[in-house]
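Report on the following structure.
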Amino acid sequence: MEGNMVDKKIPRSSENDYTDEMAKVRRDFIQQQTGANLEHTGKYSIGTDVLPGNIENFIGVVQMPVGVAGPVTIDGEHAQGDFFVPLATTEGTLVASYSRGMRLLNECGGVKTTVVEGFMQRAPAFIFESAREARDFGQWIDDHFLSIKEVAETTTSVGKLEKIQQWSISRFRYLRFNFTTGDAAGQNMVGKATLAACEWIIANAPFSCRYLLSGNMDTDKKHSHLNMLHSRGKRVIAEIMIKDEVLQKIMKVSTKQFADGCVMANTGAMMASAAYNGPHSANGIASLFIATGQDEANVVESHAGLLSHQLMENGDLYLSVTLPSLIVATFGGGTGLPTQNECLQMLGCVGKGKANKFAEIVAATVLAGDISLKSAVISGHWVSSHDQLGRNR
């Protein structure tokens with residue numbers, strides 16, 4: 001049995017594991033072990049020297065189709081002008097639907113976008129002898145915030161500790177460190193900074209306690225209502241005033257029908273305790289994330305939000321999307337990989353100083369997709385469009 005397990009050990013090189021040769025060795029090994037044909041997986045144009053820090057046991061690439069939607073006209077504080085949006089997906093009708101929604105946004109004067117705030121969290125949990133000690137520890141943390149901030153920020157040239165939220169449960173004290181992280185998503189950045197802060201706290205606080213670096217109240221890569229209220233990543237809002245005649249011309253529904261549909265959808269989402277009350281924020285976010293090298297697991301947090309509407313007396317419809325925990329980056333991680341970087345180039349979002357711009361583009365894209373899909377459901381074109389372009393074929 002032991003010999004068989006050794007035979008199945010994935011090949012690695014201690015000298016340089018990121019080479020075309022080692023990728024082929026592993027492909028040959030996997031083909032031998034599983035019988036899979038990895039012909040297409042082994043065809044790629046990127047250099048393996050860009051991979052360290054992004055992947056282990058590299059064997060090749062999965063090629064995702066990328067379509068382009070738009071243009072979409074955005075009047076943001078950071079994203080201004082017309083944008084062609086790359087969407088990586090295998091779902092037929094998705095790109096066409098988002099393009100249709102973008103056309104409506106454009107004919108109504110463009111979408112207004114606003115980044116309200118942005119934080120990334122790490123939430124250590126401290127353990128004491130009693131609830132009373134945990135409470136008193138919390139006051140000590142408040143009194144020494146500036147010293148904790150100074151220690152935490154020695155680990156990063158970008159991250160800034162803005163506040164520490166606190167909760168007492170039993171004899172535990174949960175702290176939620178909130179950092180700004182520039183143009184990086186920042187999970188690793190704030191983890192390192194919070195570790196330094198916690199070690200300083202343990203060494204200096206007049207309490208006997210121990211801690212876990214994460215007590216799970218940071219809700220890393222999990223949806224939580226806490227993020228809806230307090231923001232994780234970017235809190236970004238996209239809004240539009242829709243003209244009734246434009247909606248009827250493009251989407252074949254009236255603003256009154258659309259507003260009535262929103263009421264029913266809100267009730268259904270409330271009964272289901274859904275993380276998002278609109279049609280499909282995750283579709284546009286996931287497609288954009290894959291195309292631009294975002295951490296795809298962050299879709300679970302980023303897709304949560306609220307689609308809000310108000311039917312005006314003149315028949316216009318105010319519609320907005322609020323994404324309170326949109327986790328995006330334009331620097332670091334997968335954003336530097338060649339094809340992902342090319343997609344960011346399409347949006348003018350490469351490098352530092354562009355994360356808020358990218359967040360506004362994501363929010364505008366979500367709004368476009370929601371308008372299109374909800375209109376298709378109301379008008380009865382949902383199934384027929386998939387018959388024509390999608391998986392129903």
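FYI, nothing fancy with the structure tokens labels: chains A, B, ... in order, residues from 1 per chain, ligands from 1 as they appear.
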
Enumerate the residues of region 90-212 of chain A with a DSSP assignment of strand (DSSP E or B), computed from the backbone, and present them as a PyMOL selection string.
chain A and resi 111-122+125-127+160-169+172-180+210-212

Env of region 226-237 of chain A: 9 Å cut, atoms = only C-alpha atoms, seq-sep filter 4 positions within chain, self excluded. Answer as JSON, numbers by chain.
{"A": [112, 113, 114, 115, 116, 117, 118, 119, 120, 121, 178, 180, 185, 186, 217, 218, 219, 301, 302, 304, 305, 320, 321, 322, 323, 324, 325, 326, 327, 328, 356, 359, 360, 363, 364]}

Distance query Pro206 (chain A) at most 12 Å, only C-alpha atoms, self and fewer than 6 positions along chain excluded, as a VMD selection string:
chain A and resid 128 133 to 134 136 to 141 200

Could you pull the residues within 12 Å of region 10-17 of chain A, counting only C-alpha atoms, minus those fewer than 2 positions along the same chain, as a CSV table (one decimal) with C-alpha atoms, in the first residue's frame?
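Generated file (part_1.csv):
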```
chain,number,residue,atom,x,y,z
A,5,MET,CA,1.1,5.8,-2.7
A,6,VAL,CA,4.7,6.7,-3.5
A,7,ASP,CA,4.0,5.8,-7.1
A,8,LYS,CA,1.1,8.2,-7.1
A,19,THR,CA,8.9,25.3,-16.3
A,20,ASP,CA,7.3,23.9,-19.4
A,21,GLU,CA,9.2,20.7,-18.9
A,22,MET,CA,7.8,20.1,-15.4
A,23,ALA,CA,4.3,20.9,-16.6
A,24,LYS,CA,4.7,18.2,-19.3
A,25,VAL,CA,6.1,15.8,-16.8
A,26,ARG,CA,3.0,16.3,-14.6
A,27,ARG,CA,0.6,16.1,-17.6
A,28,ASP,CA,2.2,12.8,-18.6
A,29,PHE,CA,1.9,11.6,-15.1
A,30,ILE,CA,-1.8,12.5,-14.8
A,31,GLN,CA,-2.5,11.0,-18.2
A,32,GLN,CA,-0.9,7.8,-17.0
A,33,GLN,CA,-2.7,7.8,-13.7
A,48,THR,CA,5.7,29.9,-16.9
A,49,ASP,CA,7.9,32.5,-15.2
A,51,LEU,CA,3.2,31.7,-12.4
A,52,PRO,CA,5.0,31.6,-9.0
A,53,GLY,CA,2.6,32.9,-6.4
A,55,ILE,CA,-0.5,28.3,-8.8
A,56,GLU,CA,1.2,25.1,-7.6
A,57,ASN,CA,1.7,21.8,-9.5
A,58,PHE,CA,1.1,23.6,-12.8
A,59,ILE,CA,0.1,21.4,-15.8
```

From a DSSP calculation on the backbone, collect every residue of region 115-356 of chain A in alpha helix (DSSP H) and output the set as JSON, numbers by chain.
{"A": [131, 132, 133, 134, 135, 136, 137, 138, 139, 140, 141, 142, 143, 145, 146, 147, 148, 149, 150, 151, 152, 187, 188, 189, 190, 191, 192, 193, 194, 195, 196, 197, 198, 199, 200, 201, 202, 203, 204, 225, 226, 227, 228, 229, 230, 244, 245, 246, 247, 248, 249, 250, 251, 255, 256, 257, 258, 259, 260, 261, 262, 263, 264, 265, 266, 267, 268, 269, 270, 271, 272, 281, 282, 283, 284, 285, 286, 287, 288, 289, 290, 291, 292, 299, 300, 301, 302, 338, 339, 340, 341, 342, 343, 344, 345, 346, 347, 355, 356]}

Report the closest atom pair, with its distance in Å rounded to one decimal, for each residue of region 180-221 of chain A that has an atom no farther than 10 Å from region 160-169 of chain A; count only C-alpha atoms, sort by chain and then rising residue number, and write it as a tab-separated table.
```
residue	atom	partner	partner_atom	distance
A:Thr180	CA	A:Lys160	CA	5.2
A:Thr181	CA	A:Lys160	CA	6.8
A:Gly182	CA	A:Lys160	CA	8.8
A:Val190	CA	A:Leu161	CA	8.8
A:Ala193	CA	A:Leu161	CA	8.8
A:Thr194	CA	A:Leu161	CA	9.2
A:Met217	CA	A:Trp167	CA	9.8
```

Go ahead and dump the residues you just picked, all heavy atoms, as a PDB file, in the first residue's frame.
```pdb
ATOM      1  N   THR A 180      -7.884  49.799   5.004  1.00  0.00           N
ATOM      2  CA  THR A 180      -7.916  50.139   3.582  1.00  0.00           C
ATOM      3  C   THR A 180      -6.671  49.510   2.960  1.00  0.00           C
ATOM      4  O   THR A 180      -5.620  49.406   3.607  1.00  0.00           O
ATOM      5  CB  THR A 180      -7.913  51.657   3.367  1.00  0.00           C
ATOM      6  OG1 THR A 180      -6.767  52.229   4.014  1.00  0.00           O
ATOM      7  CG2 THR A 180      -9.174  52.280   3.940  1.00  0.00           C
ATOM      8  N   THR A 181      -6.793  49.069   1.692  1.00  0.00           N
ATOM      9  CA  THR A 181      -5.720  48.258   1.094  1.00  0.00           C
ATOM     10  C   THR A 181      -5.299  48.737  -0.291  1.00  0.00           C
ATOM     11  O   THR A 181      -4.726  47.971  -1.068  1.00  0.00           O
ATOM     12  CB  THR A 181      -6.162  46.791   0.998  1.00  0.00           C
ATOM     13  OG1 THR A 181      -7.364  46.699   0.200  1.00  0.00           O
ATOM     14  CG2 THR A 181      -6.446  46.215   2.377  1.00  0.00           C
ATOM     15  N   GLY A 182      -5.563  49.991  -0.615  1.00  0.00           N
ATOM     16  CA  GLY A 182      -5.137  50.504  -1.914  1.00  0.00           C
ATOM     17  C   GLY A 182      -5.808  49.768  -3.052  1.00  0.00           C
ATOM     18  O   GLY A 182      -7.022  49.573  -3.055  1.00  0.00           O
ATOM     19  N   VAL A 190      -3.775  42.125   5.119  1.00  0.00           N
ATOM     20  CA  VAL A 190      -4.342  42.426   6.434  1.00  0.00           C
ATOM     21  C   VAL A 190      -4.126  41.276   7.409  1.00  0.00           C
ATOM     22  O   VAL A 190      -4.065  41.492   8.632  1.00  0.00           O
ATOM     23  CB  VAL A 190      -5.843  42.774   6.328  1.00  0.00           C
ATOM     24  CG1 VAL A 190      -6.050  43.924   5.365  1.00  0.00           C
ATOM     25  CG2 VAL A 190      -6.696  41.575   5.938  1.00  0.00           C
ATOM     26  N   ALA A 193      -0.664  42.007   8.790  1.00  0.00           N
ATOM     27  CA  ALA A 193      -0.697  43.186   9.656  1.00  0.00           C
ATOM     28  C   ALA A 193      -1.407  42.890  10.977  1.00  0.00           C
ATOM     29  O   ALA A 193      -0.971  43.326  12.050  1.00  0.00           O
ATOM     30  CB  ALA A 193      -1.391  44.337   8.934  1.00  0.00           C
ATOM     31  N   THR A 194      -2.490  42.132  10.913  1.00  0.00           N
ATOM     32  CA  THR A 194      -3.233  41.808  12.131  1.00  0.00           C
ATOM     33  C   THR A 194      -2.439  40.866  13.031  1.00  0.00           C
ATOM     34  O   THR A 194      -2.496  40.972  14.266  1.00  0.00           O
ATOM     35  CB  THR A 194      -4.593  41.192  11.773  1.00  0.00           C
ATOM     36  OG1 THR A 194      -5.308  42.100  10.919  1.00  0.00           O
ATOM     37  CG2 THR A 194      -5.425  40.923  13.020  1.00  0.00           C
ATOM     38  N   MET A 217     -15.210  35.939  12.128  1.00  0.00           N
ATOM     39  CA  MET A 217     -16.098  37.084  11.939  1.00  0.00           C
ATOM     40  C   MET A 217     -15.619  38.000  10.828  1.00  0.00           C
ATOM     41  O   MET A 217     -16.315  38.961  10.469  1.00  0.00           O
ATOM     42  CB  MET A 217     -16.257  37.883  13.241  1.00  0.00           C
ATOM     43  CG  MET A 217     -17.275  37.278  14.181  1.00  0.00           C
ATOM     44  SD  MET A 217     -17.811  38.410  15.471  1.00  0.00           S
ATOM     45  CE  MET A 217     -18.910  39.493  14.564  1.00  0.00           C
TER      46      MET A 217
END
```

Residue contacts of Ala282 (chain A) (12 Å, only C-alpha atoms) excluding same-chain residues fewer than 2 positions away, as number ranges by chain:
A: 89, 94, 275-280, 284-290, 296-305, 323, 326, 362-363, 365-367, 369-370

Output file for the residues above (C-alpha atoms, as a PDB file, in the first residue's frame):
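Writing the result to result-v3.pdb gives the following:
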```pdb
ATOM      1  CA  THR A  89     -18.318  32.523 -19.549  1.00  0.00           C
ATOM      2  CA  LEU A  94     -25.129  36.018 -21.098  1.00  0.00           C
ATOM      3  CA  ALA A 275     -28.218  37.238  -0.324  1.00  0.00           C
ATOM      4  CA  TYR A 276     -29.314  39.306  -3.342  1.00  0.00           C
ATOM      5  CA  ASN A 277     -32.824  40.341  -4.340  1.00  0.00           C
ATOM      6  CA  GLY A 278     -32.083  41.071  -7.996  1.00  0.00           C
ATOM      7  CA  PRO A 279     -31.998  38.514 -10.823  1.00  0.00           C
ATOM      8  CA  HIS A 280     -28.351  37.485 -11.133  1.00  0.00           C
ATOM      9  CA  GLY A 284     -21.692  39.376 -14.399  1.00  0.00           C
ATOM     10  CA  ILE A 285     -19.381  39.455 -11.391  1.00  0.00           C
ATOM     11  CA  ALA A 286     -18.091  35.899 -11.918  1.00  0.00           C
ATOM     12  CA  SER A 287     -17.561  36.452 -15.650  1.00  0.00           C
ATOM     13  CA  LEU A 288     -15.692  39.694 -15.046  1.00  0.00           C
ATOM     14  CA  PHE A 289     -13.677  38.153 -12.211  1.00  0.00           C
ATOM     15  CA  ILE A 290     -12.505  35.226 -14.346  1.00  0.00           C
ATOM     16  CA  GLU A 296     -13.015  33.750  -8.038  1.00  0.00           C
ATOM     17  CA  ALA A 297     -13.938  32.583  -4.520  1.00  0.00           C
ATOM     18  CA  ASN A 298     -14.736  36.195  -3.645  1.00  0.00           C
ATOM     19  CA  VAL A 299     -17.839  35.987  -5.826  1.00  0.00           C
ATOM     20  CA  VAL A 300     -19.656  34.504  -2.828  1.00  0.00           C
ATOM     21  CA  GLU A 301     -19.184  37.742  -0.883  1.00  0.00           C
ATOM     22  CA  SER A 302     -19.207  40.140  -3.808  1.00  0.00           C
ATOM     23  CA  HIS A 303     -22.550  39.096  -5.329  1.00  0.00           C
ATOM     24  CA  ALA A 304     -24.569  40.016  -2.225  1.00  0.00           C
ATOM     25  CA  GLY A 305     -26.473  43.260  -2.340  1.00  0.00           C
ATOM     26  CA  LEU A 323     -22.902  45.985  -3.740  1.00  0.00           C
ATOM     27  CA  LEU A 326     -17.339  43.853  -3.767  1.00  0.00           C
ATOM     28  CA  VAL A 362     -18.473  45.970 -12.122  1.00  0.00           C
ATOM     29  CA  ALA A 363     -21.476  47.667 -10.503  1.00  0.00           C
ATOM     30  CA  THR A 365     -22.309  45.761 -15.441  1.00  0.00           C
ATOM     31  CA  VAL A 366     -24.439  44.142 -12.743  1.00  0.00           C
ATOM     32  CA  LEU A 367     -27.136  46.794 -13.185  1.00  0.00           C
ATOM     33  CA  GLY A 369     -27.544  42.485 -16.566  1.00  0.00           C
ATOM     34  CA  ASP A 370     -30.301  42.762 -13.980  1.00  0.00           C
TER      35      ASP A 370
END
```
